[in-house]
>>> print(open('query.cif').read())   # mmCIF, C-alpha atoms and all ligand atoms
data_structure
loop_
_atom_site.label_atom_id
_atom_site.label_comp_id
_atom_site.auth_asym_id
_atom_site.auth_seq_id
_atom_site.Cartn_x
_atom_site.Cartn_y
_atom_site.Cartn_z
CA MET K 1 0.00 0.00 0.00
CA ALA K 2 1.31 3.42 -0.97
CA PHE K 3 0.83 6.82 0.60
CA SER K 4 -1.82 8.92 -1.11
CA PRO K 5 -0.30 10.93 -4.00
CA LEU K 6 -0.17 14.34 -2.30
CA ILE K 7 1.45 12.86 0.81
CA GLN K 8 4.02 10.96 -1.25
CA ASN K 9 4.65 14.13 -3.23
CA LEU K 10 5.32 16.04 0.00
CA ILE K 11 7.66 13.30 1.29
CA ASP K 12 9.59 13.37 -2.01
CA ALA K 13 9.78 17.17 -1.99
CA LEU K 14 11.19 17.23 1.57
CA ARG K 15 14.12 15.13 0.33
CA CYS K 16 15.56 18.28 -1.31
CA LEU K 17 16.63 19.39 2.18
CA PRO K 18 20.24 18.47 3.01
CA GLY K 19 20.55 15.57 5.46
CA VAL K 20 16.92 14.47 5.06
CA GLY K 21 16.52 10.80 4.07
CA PRO K 22 13.33 8.88 3.25
CA LYS K 23 12.48 8.06 6.88
CA SER K 24 12.92 11.58 8.21
CA ALA K 25 11.06 13.04 5.22
CA GLN K 26 8.13 10.76 6.10
CA ARG K 27 8.33 11.79 9.74
CA MET K 28 8.40 15.49 8.77
CA ALA K 29 5.42 15.12 6.42
CA PHE K 30 3.27 13.42 9.07
CA HIS K 31 4.35 15.89 11.73
CA LEU K 32 3.32 18.84 9.58
CA LEU K 33 0.00 17.34 8.46
CA GLN K 34 -1.00 16.04 11.88
CA ARG K 35 0.35 18.68 14.20
CA ASP K 36 1.57 21.83 12.49
CA ARG K 37 -0.38 22.88 9.42
CA PRO K 38 0.09 26.59 10.19
CA GLY K 39 3.85 25.94 10.32
CA ALA K 40 3.69 24.13 6.98
CA ALA K 41 1.79 27.02 5.40
CA ARG K 42 4.29 29.54 6.81
CA LEU K 43 7.16 27.45 5.46
CA ALA K 44 5.60 27.32 1.99
CA ASP K 45 5.15 31.07 2.05
CA ALA K 46 8.71 31.71 3.27
CA LEU K 47 10.10 29.44 0.54
CA VAL K 48 8.19 31.20 -2.23
CA LYS K 49 9.12 34.68 -0.99
CA ALA K 50 12.79 33.78 -0.60
CA VAL K 51 13.05 32.01 -3.96
CA ASP K 52 11.30 34.89 -5.74
CA ASN K 53 13.09 37.77 -4.06
CA VAL K 54 16.49 36.75 -2.72
CA GLY K 55 19.30 37.29 -5.18
CA GLU K 56 22.97 38.16 -5.02
CA CYS K 57 24.38 41.50 -3.92
CA ALA K 58 25.61 43.24 -7.09
CA GLU K 59 28.91 44.02 -5.39
CA CYS K 60 29.84 41.04 -3.22
CA ARG K 61 27.44 38.23 -4.27
CA LEU K 62 26.10 37.83 -0.72
CA LEU K 63 22.49 36.57 -0.69
CA THR K 64 20.12 39.48 -0.16
CA GLU K 65 16.72 40.68 -1.32
CA GLN K 66 18.14 44.15 -1.98
CA PRO K 67 20.27 45.21 -4.97
CA ILE K 68 23.22 45.89 -2.61
CA CYS K 69 23.60 44.05 0.72
CA ASP K 70 23.68 45.81 4.10
CA ILE K 71 27.45 45.32 4.42
CA CYS K 72 28.32 46.81 1.02
CA ALA K 73 25.81 49.63 1.58
CA SER K 74 27.18 50.56 5.02
CA PRO K 75 29.27 53.76 5.23
CA ARG K 76 31.04 52.27 8.27
CA ARG K 77 32.74 49.44 6.34
CA ASP K 78 36.25 49.89 4.94
CA ARG K 79 35.97 49.29 1.21
CA SER K 80 39.73 49.07 0.71
CA LEU K 81 39.80 45.79 2.70
CA MET K 82 38.05 42.76 1.22
CA CYS K 83 37.61 39.27 2.67
CA ILE K 84 37.00 36.51 0.13
CA VAL K 85 34.88 33.53 1.18
CA GLU K 86 33.21 30.58 -0.49
CA SER K 87 29.67 30.97 0.80
CA PRO K 88 27.23 33.38 2.46
CA ALA K 89 27.26 31.20 5.58
CA ASP K 90 30.97 31.97 5.94
CA VAL K 91 30.19 35.70 6.00
CA PHE K 92 27.77 35.21 8.89
CA ALA K 93 30.25 33.00 10.76
CA LEU K 94 33.01 35.64 10.39
CA GLU K 95 30.68 38.50 11.33
CA GLN K 96 29.77 36.66 14.53
CA ALA K 97 33.34 35.64 15.41
CA THR K 98 35.36 38.75 14.53
CA ASP K 99 35.16 42.53 14.53
CA TYR K 100 36.16 42.67 10.86
CA SER K 101 35.16 46.02 9.38
CA GLY K 102 36.00 45.55 5.68
CA VAL K 103 33.75 44.22 2.94
CA TYR K 104 33.42 40.72 1.48
CA PHE K 105 33.39 38.93 -1.83
CA VAL K 106 31.40 35.69 -1.89
CA LEU K 107 32.57 33.18 -4.50
CA MET K 108 29.45 31.01 -4.17
CA GLY K 109 31.68 27.97 -4.55
CA ARG K 110 35.31 27.07 -5.20
CA LEU K 111 37.32 26.18 -8.27
CA SER K 112 36.36 22.64 -9.21
CA PRO K 113 37.08 21.88 -12.87
CA LEU K 114 35.55 18.39 -12.67
CA ASP K 115 32.24 19.94 -11.62
CA GLY K 116 32.49 22.60 -14.31
CA ILE K 117 33.17 25.36 -11.78
CA GLY K 118 35.79 27.70 -13.19
CA PRO K 119 36.75 31.37 -12.69
CA LYS K 120 33.65 32.57 -14.51
CA GLU K 121 31.24 30.69 -12.22
CA LEU K 122 32.95 32.23 -9.19
CA GLY K 123 32.59 35.78 -10.54
CA LEU K 124 36.39 36.24 -10.73
CA GLU K 125 36.12 38.57 -13.72
CA ARG K 126 34.08 40.94 -11.61
CA LEU K 127 36.57 40.54 -8.76
CA GLU K 128 39.50 41.33 -11.04
CA ALA K 129 37.68 44.41 -12.33
CA ARG K 130 37.44 45.61 -8.74
CA PHE K 131 41.15 45.02 -8.22
CA ALA K 132 41.86 46.92 -11.45
CA ALA K 133 39.68 49.83 -10.33
CA GLY K 134 42.12 50.39 -7.48
CA GLU K 135 39.71 50.73 -4.56
CA VAL K 136 40.72 47.41 -3.00
CA LYS K 137 44.13 47.66 -1.30
CA GLU K 138 44.15 44.42 0.68
CA ILE K 139 42.39 41.08 0.53
CA ILE K 140 42.04 38.33 3.11
CA LEU K 141 41.65 34.88 1.56
CA ALA K 142 39.21 32.96 3.76
CA THR K 143 38.34 30.05 1.48
CA ASN K 144 38.08 26.69 3.24
CA PRO K 145 41.35 24.85 3.96
CA THR K 146 40.51 22.02 1.54
CA VAL K 147 42.41 21.14 -1.63
CA GLU K 148 39.94 23.04 -3.78
CA GLY K 149 39.76 25.97 -1.36
CA GLU K 150 43.57 26.25 -1.41
CA ALA K 151 43.68 26.12 -5.21
CA THR K 152 41.05 28.86 -5.31
CA ALA K 153 43.04 30.99 -2.88
CA GLN K 154 46.20 30.53 -4.98
CA TYR K 155 44.38 31.55 -8.15
CA ILE K 156 42.96 34.71 -6.58
CA ALA K 157 46.29 35.56 -4.92
CA GLU K 158 47.97 35.59 -8.35
CA MET K 159 45.28 37.89 -9.69
CA ALA K 160 45.72 40.18 -6.67
CA HIS K 161 49.50 40.34 -7.04
CA GLU K 162 49.17 41.50 -10.62
CA HIS K 163 47.20 44.48 -9.33
CA ASN K 164 49.50 45.05 -6.34
CA VAL K 165 46.83 44.16 -3.84
CA VAL K 166 48.23 43.03 -0.47
CA THR K 167 47.12 39.48 0.16
CA SER K 168 46.82 37.40 3.31
CA ARG K 169 45.41 33.95 4.03
CA ILE K 170 43.61 33.20 7.30
CA ALA K 171 45.82 31.18 9.63
CA HIS K 172 45.54 27.49 9.92
CA GLY K 173 43.81 26.67 13.10
CA VAL K 174 40.76 25.96 11.10
CA PRO K 175 41.10 22.14 10.94
CA ILE K 176 42.44 20.94 7.58
CA GLY K 177 39.64 19.41 5.52
CA GLY K 178 37.05 21.18 7.66
CA GLU K 179 34.34 23.58 6.65
CA LEU K 180 34.68 27.17 7.88
CA GLU K 181 31.01 27.38 8.64
CA TYR K 182 31.22 24.67 11.34
CA VAL K 183 34.25 25.94 13.23
CA ASP K 184 33.63 27.37 16.70
CA SER K 185 33.88 31.15 17.10
CA GLY K 186 37.07 31.04 19.17
CA THR K 187 39.07 29.05 16.61
CA LEU K 188 37.71 31.12 13.78
CA SER K 189 38.52 34.40 15.53
CA HIS K 190 42.06 33.18 16.25
CA ALA K 191 42.63 32.00 12.68
CA PHE K 192 41.36 35.32 11.36
CA ALA K 193 43.54 37.45 13.62
CA GLY K 194 46.60 35.26 12.88
CA ARG K 195 46.31 35.52 9.11
CA ARG K 196 49.58 35.90 7.24
CA GLU K 197 50.65 37.32 3.93
CA TYR K 198 50.05 35.01 1.02
CA ARG K 199 52.60 34.63 -1.80
CA MET S 1 24.95 41.66 11.52
CA ALA S 2 21.68 39.90 10.83
CA PHE S 3 20.53 37.86 7.85
CA SER S 4 18.33 39.81 5.47
CA PRO S 5 14.65 39.60 6.53
CA LEU S 6 13.47 37.06 3.93
CA ILE S 7 16.40 34.75 4.66
CA GLN S 8 15.85 34.98 8.43
CA ASN S 9 12.15 34.36 7.84
CA LEU S 10 12.98 31.19 5.86
CA ILE S 11 15.40 29.99 8.56
CA ASP S 12 12.72 30.54 11.24
CA ALA S 13 10.07 28.77 9.15
CA LEU S 14 12.29 25.70 8.64
CA ARG S 15 12.38 25.29 12.43
CA CYS S 16 8.81 23.92 12.26
CA LEU S 17 10.33 20.67 10.94
CA PRO S 18 10.94 18.08 13.66
CA GLY S 19 14.62 17.66 14.56
CA VAL S 20 15.70 20.88 12.84
CA GLY S 21 17.61 23.30 15.10
CA PRO S 22 18.91 26.80 14.30
CA LYS S 23 22.16 25.60 12.71
CA SER S 24 20.57 23.02 10.41
CA ALA S 25 17.76 25.45 9.50
CA GLN S 26 20.44 27.92 8.41
CA ARG S 27 22.24 25.23 6.45
CA MET S 28 19.00 24.19 4.75
CA ALA S 29 18.10 27.77 3.81
CA PHE S 30 21.49 28.44 2.23
CA HIS S 31 21.47 25.11 0.45
CA LEU S 32 18.08 25.84 -1.11
CA LEU S 33 18.89 29.42 -2.10
CA GLN S 34 22.36 28.66 -3.47
CA ARG S 35 21.94 25.26 -5.00
CA ASP S 36 18.35 24.09 -5.28
CA ARG S 37 15.79 26.77 -5.99
CA PRO S 38 13.69 24.42 -8.15
CA GLY S 39 13.60 22.01 -5.17
CA ALA S 40 12.54 24.84 -2.87
CA ALA S 41 9.75 25.85 -5.25
CA ARG S 42 8.58 22.22 -5.52
CA LEU S 43 8.61 21.89 -1.74
CA ALA S 44 6.53 25.06 -1.33
CA ASP S 45 4.03 23.74 -3.86
CA ALA S 46 3.87 20.30 -2.23
CA LEU S 47 3.31 21.87 1.18
CA VAL S 48 0.46 24.07 -0.05
CA LYS S 49 -1.25 21.24 -1.91
CA ALA S 50 -0.95 18.84 1.02
CA VAL S 51 -2.12 21.37 3.61
CA ASP S 52 -5.06 22.42 1.45
CA ASN S 53 -6.19 18.97 0.35
CA VAL S 54 -5.10 16.26 2.74
CA GLY S 55 -7.68 15.53 5.40
CA GLU S 56 -8.78 12.54 7.44
CA CYS S 57 -10.59 9.52 6.03
CA ALA S 58 -14.21 9.80 7.19
CA GLU S 59 -14.14 6.19 8.35
CA CYS S 60 -10.70 5.50 9.82
CA ARG S 61 -9.09 8.96 10.21
CA LEU S 62 -6.10 8.00 8.04
CA LEU S 63 -4.58 10.98 6.23
CA THR S 64 -5.83 11.11 2.65
CA GLU S 65 -6.92 13.64 0.04
CA GLN S 66 -10.04 11.61 -0.73
CA PRO S 67 -13.19 11.45 1.41
CA ILE S 68 -12.54 7.74 2.11
CA CYS S 69 -9.01 6.27 2.08
CA ASP S 70 -7.91 3.50 -0.29
CA ILE S 71 -7.99 0.90 2.49
CA CYS S 72 -11.53 1.66 3.66
CA ALA S 73 -12.69 1.91 0.04
CA SER S 74 -11.18 -1.44 -0.97
CA PRO S 75 -13.65 -4.34 -1.47
CA ARG S 76 -10.80 -6.74 -0.60
CA ARG S 77 -10.45 -5.61 3.02
CA ASP S 78 -12.34 -7.40 5.79
CA ARG S 79 -14.46 -4.75 7.48
CA SER S 80 -15.29 -6.99 10.46
CA LEU S 81 -11.65 -6.85 11.59
CA MET S 82 -10.23 -3.51 12.75
CA CYS S 83 -6.71 -2.62 13.85
CA ILE S 84 -6.44 0.45 16.07
CA VAL S 85 -3.26 2.56 15.90
CA GLU S 86 -2.09 5.91 17.14
CA SER S 87 -0.86 7.47 13.90
CA PRO S 88 -0.97 7.20 10.10
CA ALA S 89 2.73 6.23 10.10
CA ASP S 90 1.79 3.12 12.10
CA VAL S 91 -0.64 2.08 9.35
CA PHE S 92 2.12 2.27 6.75
CA ALA S 93 4.55 0.38 9.00
CA LEU S 94 1.99 -2.43 9.54
CA GLU S 95 1.03 -2.55 5.86
CA GLN S 96 4.69 -3.04 4.96
CA ALA S 97 5.41 -5.60 7.68
CA THR S 98 2.28 -7.79 7.66
CA ASP S 99 -0.34 -9.23 5.33
CA TYR S 100 -3.15 -7.82 7.48
CA SER S 101 -6.35 -7.64 5.46
CA GLY S 102 -8.75 -5.88 7.83
CA VAL S 103 -9.35 -2.14 8.17
CA TYR S 104 -7.83 0.41 10.57
CA PHE S 105 -8.86 3.10 12.95
CA VAL S 106 -6.31 5.87 13.48
CA LEU S 107 -6.59 7.63 16.84
CA MET S 108 -4.31 10.52 15.78
CA GLY S 109 -2.86 10.45 19.28
CA ARG S 110 -3.29 8.67 22.60
CA LEU S 111 -5.14 9.47 25.81
CA SER S 112 -3.15 12.15 27.60
CA PRO S 113 -5.31 14.11 30.06
CA LEU S 114 -2.50 16.51 30.94
CA ASP S 115 -2.28 17.56 27.30
CA GLY S 116 -6.07 17.86 27.01
CA ILE S 117 -6.30 14.75 24.84
CA GLY S 118 -9.36 12.77 25.90
CA PRO S 119 -11.73 10.26 24.24
CA LYS S 120 -13.31 12.98 22.13
CA GLU S 121 -10.00 14.11 20.58
CA LEU S 122 -9.26 10.51 19.61
CA GLY S 123 -12.63 10.07 17.88
CA LEU S 124 -13.70 7.37 20.33
CA GLU S 125 -17.37 8.37 20.03
CA ARG S 126 -17.21 7.54 16.35
CA LEU S 127 -15.37 4.33 17.14
CA GLU S 128 -18.00 3.29 19.67
CA ALA S 129 -20.75 4.04 17.14
CA ARG S 130 -19.03 1.62 14.77
CA PHE S 131 -18.90 -1.03 17.52
CA ALA S 132 -22.61 -0.41 18.23
CA ALA S 133 -23.50 -0.76 14.53
CA GLY S 134 -22.33 -4.37 14.75
CA GLU S 135 -20.13 -4.56 11.66
CA VAL S 136 -16.87 -4.79 13.65
CA LYS S 137 -16.45 -8.27 15.19
CA GLU S 138 -12.83 -8.11 16.27
CA ILE S 139 -10.28 -5.42 17.04
CA ILE S 140 -6.51 -5.55 17.32
CA LEU S 141 -5.10 -2.94 19.69
CA ALA S 142 -1.82 -1.74 18.20
CA THR S 143 -1.23 1.41 20.22
CA ASN S 144 2.39 1.95 21.27
CA PRO S 145 3.62 0.04 24.35
CA THR S 146 4.05 3.22 26.39
CA VAL S 147 2.14 4.13 29.56
CA GLU S 148 -0.28 6.31 27.62
CA GLY S 149 -0.59 3.81 24.78
CA GLU S 150 -1.47 1.06 27.29
CA ALA S 151 -4.05 3.29 29.02
CA THR S 152 -5.58 4.03 25.63
CA ALA S 153 -5.72 0.31 24.78
CA GLN S 154 -7.38 -0.45 28.14
CA TYR S 155 -9.99 2.26 27.58
CA ILE S 156 -10.88 1.01 24.10
CA ALA S 157 -10.88 -2.63 25.25
CA GLU S 158 -13.55 -1.78 27.83
CA MET S 159 -15.64 -0.09 25.15
CA ALA S 160 -15.23 -3.12 22.88
CA HIS S 161 -16.22 -5.58 25.60
CA GLU S 162 -19.48 -3.72 26.16
CA HIS S 163 -20.31 -4.36 22.53
CA ASN S 164 -19.05 -7.96 22.55
CA VAL S 165 -16.22 -7.19 20.15
CA VAL S 166 -13.36 -9.70 20.40
CA THR S 167 -10.23 -7.84 21.44
CA SER S 168 -6.52 -8.60 21.13
CA ARG S 169 -3.39 -6.64 21.84
CA ILE S 170 -0.28 -6.98 19.66
CA ALA S 171 2.37 -9.05 21.43
CA HIS S 172 5.20 -7.48 23.22
CA GLY S 173 8.28 -7.84 21.21
CA VAL S 174 7.94 -4.23 20.30
CA PRO S 175 10.44 -2.81 22.83
CA ILE S 176 8.73 -1.28 25.85
CA GLY S 177 8.86 2.51 25.70
CA GLY S 178 9.51 2.32 21.96
CA GLU S 179 7.59 3.84 19.10
CA LEU S 180 5.89 1.41 16.72
CA GLU S 181 6.88 3.46 13.73
CA TYR S 182 10.61 2.84 14.34
CA VAL S 183 10.54 -0.90 14.91
CA ASP S 184 12.04 -3.10 12.20
CA SER S 185 9.64 -5.03 9.99
CA GLY S 186 10.61 -8.44 11.41
CA THR S 187 9.90 -7.53 15.01
CA LEU S 188 6.71 -5.79 14.06
CA SER S 189 5.52 -8.71 11.97
CA HIS S 190 6.25 -11.10 14.85
CA ALA S 191 4.49 -8.93 17.41
CA PHE S 192 1.48 -8.61 15.16
CA ALA S 193 1.19 -12.34 14.49
CA GLY S 194 1.70 -13.14 18.19
CA ARG S 195 -1.08 -10.85 19.43
CA ARG S 196 -3.18 -12.21 22.27
CA GLU S 197 -6.68 -11.59 23.56
CA TYR S 198 -6.98 -8.51 25.71
CA ARG S 199 -9.15 -8.55 28.85
ZN ZN K 201 27.34 43.02 -0.76
ZN ZN K 202 -10.00 4.94 5.89
#
>>> encode(input="query.cif", output="structure tokens")
Amino acid sequence: MAFSPLIQNLIDALRCLPGVGPKSAQRMAFHLLQRDRPGAARLADALVKAVDNVGECAECRLLTEQPICDICASPRRDRSLMCIVESPADVFALEQATDYSGVYFVLMGRLSPLDGIGPKELGLERLEARFAAGEVKEIILATNPTVEGEATAQYIAEMAHEHNVVTSRIAHGVPIGGELEYVDSGTLSHAFAGRREYR
Amino acid sequence: MAFSPLIQNLIDALRCLPGVGPKSAQRMAFHLLQRDRPGAARLADALVKAVDNVGECAECRLLTEQPICDICASPRRDRSLMCIVESPADVFALEQATDYSGVYFVLMGRLSPLDGIGPKELGLERLEARFAAGEVKEIILATNPTVEGEATAQYIAEMAHEHNVVTSRIAHGVPIGGELEYVDSGTLSHAFAGRREYR
């Protein structure tokens, strides 16, 4: 015996969430239908609004529903200092862990030729244009300390050197192979403060 | 620095899912917005359709988008035999584990006076009316082997005895304190086959 079509459809759709397998999708579907229909309706609404309205900041690629994100729009941020990260979650982790006052550039990924992710997909042309424009004096490379994150950092460092932009890499301290987003604030703060010039 | 309002709203809304804390809600929101917007749109659509259309079967209270569920509507099911469970997930677990050919009654809960869940909330008036109508000859009590599940079984057994309905309780074998829905098929099948009369 199968679930009725709309229930099966909901179970299948919940599988798009990371870490949700068939059993937990089933549990979630029943929970929502039996005990939290208002929550399910709110979730549907939040999904539609976010999908329809959230895009990338035109300057740093951070996810935002405005043309320019709050950080890039703030007059209190130092636009000559730029921290380069792989994902929006990294921005929030750094904002919580440090008192960094520069701006960011979000790659939305890392160089991964096998997955078809090259410089273009990471917006590196736009980044180089900003280097060329001369406003950025220093960058902090905060890509993850994985093989691909290192390769990405190297690539950007070469670009930066061509434009005489001072370049540093956040200190190891972030566990090798780990994801920045999951590091505790203390480690992250330490790694950020202990960054060193990158050649 | 806070997330932009629509992103924070999505993170908050994802918390309605069981087992999803602040960190995994954040991870889910970023995953959907960065990598799976079609999945997010499908999920929103599935949620709306399920919330709007899925209700309870008028006979057994199973979740379904039809007035009567497939089991109750089937001419191949024995309507004189009724298995009583706490939740729709239990029906699916039993259907997968056994060759049971009777019908079900889904309580959508268990007696829990402290939570305001009494006989009325479990549809026991409707259940008693079905006993009184004489079609049901035998019931199998398959509520969970928890304190509240046992109390619920006792209550229904007394109702059944008044109407001379033969009553059995699924065998222990389901671990005490456990939830039916999470038991492996073998144990569940064994417990179901080894049910004994309930007095
Ligand atoms: Zn920005
Ligand atoms: Zn039914």
>>> closest_residue(input="query.cif", among="S:Arg27, S:Arg126, S:His161, S:Arg37", to="Ala50 in chain K", atoms="only C-alpha atoms")
S:Arg37
>>> interface_residues(input="query.cif", of="chain S", to="chain K", cutoff="6 Å", atoms="all atoms listed in the file", output="PDB file with C-alpha atoms, in the frame of the given file")
ATOM      1  CA  SER S   4      18.330  39.810   5.470  1.00  0.00           C
ATOM      2  CA  LEU S   6      13.470  37.060   3.930  1.00  0.00           C
ATOM      3  CA  LEU S  10      12.980  31.190   5.860  1.00  0.00           C
ATOM      4  CA  ALA S  13      10.070  28.770   9.150  1.00  0.00           C
ATOM      5  CA  CYS S  16       8.810  23.920  12.260  1.00  0.00           C
ATOM      6  CA  LEU S  17      10.330  20.670  10.940  1.00  0.00           C
ATOM      7  CA  MET S  28      19.000  24.190   4.750  1.00  0.00           C
ATOM      8  CA  GLY S  39      13.600  22.010  -5.170  1.00  0.00           C
ATOM      9  CA  LEU S  43       8.610  21.890  -1.740  1.00  0.00           C
ATOM     10  CA  ALA S  44       6.530  25.060  -1.330  1.00  0.00           C
ATOM     11  CA  ALA S  46       3.870  20.300  -2.230  1.00  0.00           C
ATOM     12  CA  LEU S  47       3.310  21.870   1.180  1.00  0.00           C
ATOM     13  CA  ALA S  50      -0.950  18.840   1.020  1.00  0.00           C
ATOM     14  CA  THR S  64      -5.830  11.110   2.650  1.00  0.00           C
TER      15      THR S  64
END
>>> residues_around(input="query.cif", residues="Ser80 in chain K", least_positions_apart="5", cutoff="7 Å", atoms="all atoms listed in the file", output="mmCIF file with C-alpha atoms, in the coordinates of the input")
data_model
loop_
_atom_site.group_PDB
_atom_site.id
_atom_site.type_symbol
_atom_site.label_atom_id
_atom_site.label_comp_id
_atom_site.auth_asym_id
_atom_site.auth_seq_id
_atom_site.Cartn_x
_atom_site.Cartn_y
_atom_site.Cartn_z
ATOM 1 C CA GLU K 135 39.710 50.730 -4.560
ATOM 2 C CA VAL K 136 40.720 47.410 -3.000
ATOM 3 C CA LYS K 137 44.130 47.660 -1.300
ATOM 4 C CA GLU K 138 44.150 44.420 0.680
#
>>> residues_near_ligand(input="query.cif", ligand="ligand ZN 202 (chain K)", cutoff="9 Å", atoms="all atoms listed in the file", output="list in words")
Glu56, Cys57, Ala58, Glu59, Cys60, Arg61, Leu62, Leu63, Thr64, Pro67, Ile68, Cys69, Asp70, Ile71, Cys72, Ala73, Val103, Tyr104, Phe105 and Val106 of chain S
>>> residues_around(input="query.cif", residues="range 156-158 of chain K", least_positions_apart="6", cutoff="10 Å", atoms="only C-alpha atoms", output="list in words")
Ile84, Pro119, Leu124, Leu127, Glu128, Ile139, Ile140, Leu141, Glu150, Asn164, Val165, Val166, Thr167, Ser168, Arg169, Tyr198 and Arg199 of chain K
>>> atom_distance(input="query.cif", atom1="CA of Glu162 in chain K", atom2="CA of Phe131 in chain K")
9.1 Å
>>> atom_distance(input="query.cif", atom1="CA of Leu122 in chain S", atom2="CA of Glu148 in chain S")
12.7 Å
>>> residues_near_point(input="query.cif", point="(38.1, 31.0, 11.5)", cutoff="10 Å", atoms="only C-alpha atoms", output="VMD selection string")
chain K and resid 90 93 to 94 97 to 98 142 144 170 to 175 179 to 195
>>> atom_distance(input="query.cif", atom1="CA of Gly134 in chain K", atom2="CA of Cys83 in chain K")
15.7 Å
>>> build_atoms(input="query.cif", residues="range 47-52 of chain S", atoms="all heavy atoms", output="PDB file, in the coordinates of the input")
ATOM      1  N   LEU S  47       3.837  21.514  -0.132  1.00  0.00           N
ATOM      2  CA  LEU S  47       3.310  21.870   1.180  1.00  0.00           C
ATOM      3  C   LEU S  47       1.906  22.470   1.056  1.00  0.00           C
ATOM      4  O   LEU S  47       0.982  22.081   1.766  1.00  0.00           O
ATOM      5  CB  LEU S  47       4.236  22.889   1.874  1.00  0.00           C
ATOM      6  CG  LEU S  47       5.535  22.342   2.458  1.00  0.00           C
ATOM      7  CD1 LEU S  47       6.513  23.480   2.737  1.00  0.00           C
ATOM      8  CD2 LEU S  47       5.273  21.553   3.741  1.00  0.00           C
ATOM      9  N   VAL S  48       1.760  23.412   0.128  1.00  0.00           N
ATOM     10  CA  VAL S  48       0.460  24.070  -0.050  1.00  0.00           C
ATOM     11  C   VAL S  48      -0.608  23.060  -0.465  1.00  0.00           C
ATOM     12  O   VAL S  48      -1.712  23.029   0.092  1.00  0.00           O
ATOM     13  CB  VAL S  48       0.566  25.213  -1.090  1.00  0.00           C
ATOM     14  CG1 VAL S  48      -0.816  25.695  -1.510  1.00  0.00           C
ATOM     15  CG2 VAL S  48       1.386  26.368  -0.532  1.00  0.00           C
ATOM     16  N   LYS S  49      -0.268  22.212  -1.435  1.00  0.00           N
ATOM     17  CA  LYS S  49      -1.250  21.240  -1.910  1.00  0.00           C
ATOM     18  C   LYS S  49      -1.639  20.261  -0.817  1.00  0.00           C
ATOM     19  O   LYS S  49      -2.810  19.895  -0.675  1.00  0.00           O
ATOM     20  CB  LYS S  49      -0.697  20.477  -3.118  1.00  0.00           C
ATOM     21  CG  LYS S  49      -0.671  21.319  -4.384  1.00  0.00           C
ATOM     22  CD  LYS S  49      -0.519  20.436  -5.625  1.00  0.00           C
ATOM     23  CE  LYS S  49      -0.569  21.272  -6.899  1.00  0.00           C
ATOM     24  NZ  LYS S  49       0.639  21.098  -7.714  1.00  0.00           N
ATOM     25  N   ALA S  50      -0.655  19.803  -0.043  1.00  0.00           N
ATOM     26  CA  ALA S  50      -0.950  18.840   1.020  1.00  0.00           C
ATOM     27  C   ALA S  50      -1.784  19.494   2.124  1.00  0.00           C
ATOM     28  O   ALA S  50      -2.787  18.939   2.577  1.00  0.00           O
ATOM     29  CB  ALA S  50       0.338  18.252   1.586  1.00  0.00           C
ATOM     30  N   VAL S  51      -1.378  20.695   2.539  1.00  0.00           N
ATOM     31  CA  VAL S  51      -2.120  21.370   3.610  1.00  0.00           C
ATOM     32  C   VAL S  51      -3.558  21.658   3.181  1.00  0.00           C
ATOM     33  O   VAL S  51      -4.498  21.497   3.951  1.00  0.00           O
ATOM     34  CB  VAL S  51      -1.404  22.687   4.028  1.00  0.00           C
ATOM     35  CG1 VAL S  51      -2.304  23.561   4.869  1.00  0.00           C
ATOM     36  CG2 VAL S  51      -0.116  22.369   4.784  1.00  0.00           C
ATOM     37  N   ASP S  52      -3.726  22.051   1.920  1.00  0.00           N
ATOM     38  CA  ASP S  52      -5.060  22.420   1.450  1.00  0.00           C
ATOM     39  C   ASP S  52      -5.954  21.206   1.186  1.00  0.00           C
ATOM     40  O   ASP S  52      -7.176  21.310   1.266  1.00  0.00           O
ATOM     41  CB  ASP S  52      -4.976  23.239   0.150  1.00  0.00           C
ATOM     42  CG  ASP S  52      -4.463  24.642   0.410  1.00  0.00           C
ATOM     43  OD1 ASP S  52      -4.332  25.014   1.596  1.00  0.00           O
ATOM     44  OD2 ASP S  52      -4.181  25.369  -0.568  1.00  0.00           O
TER      45      ASP S  52
END
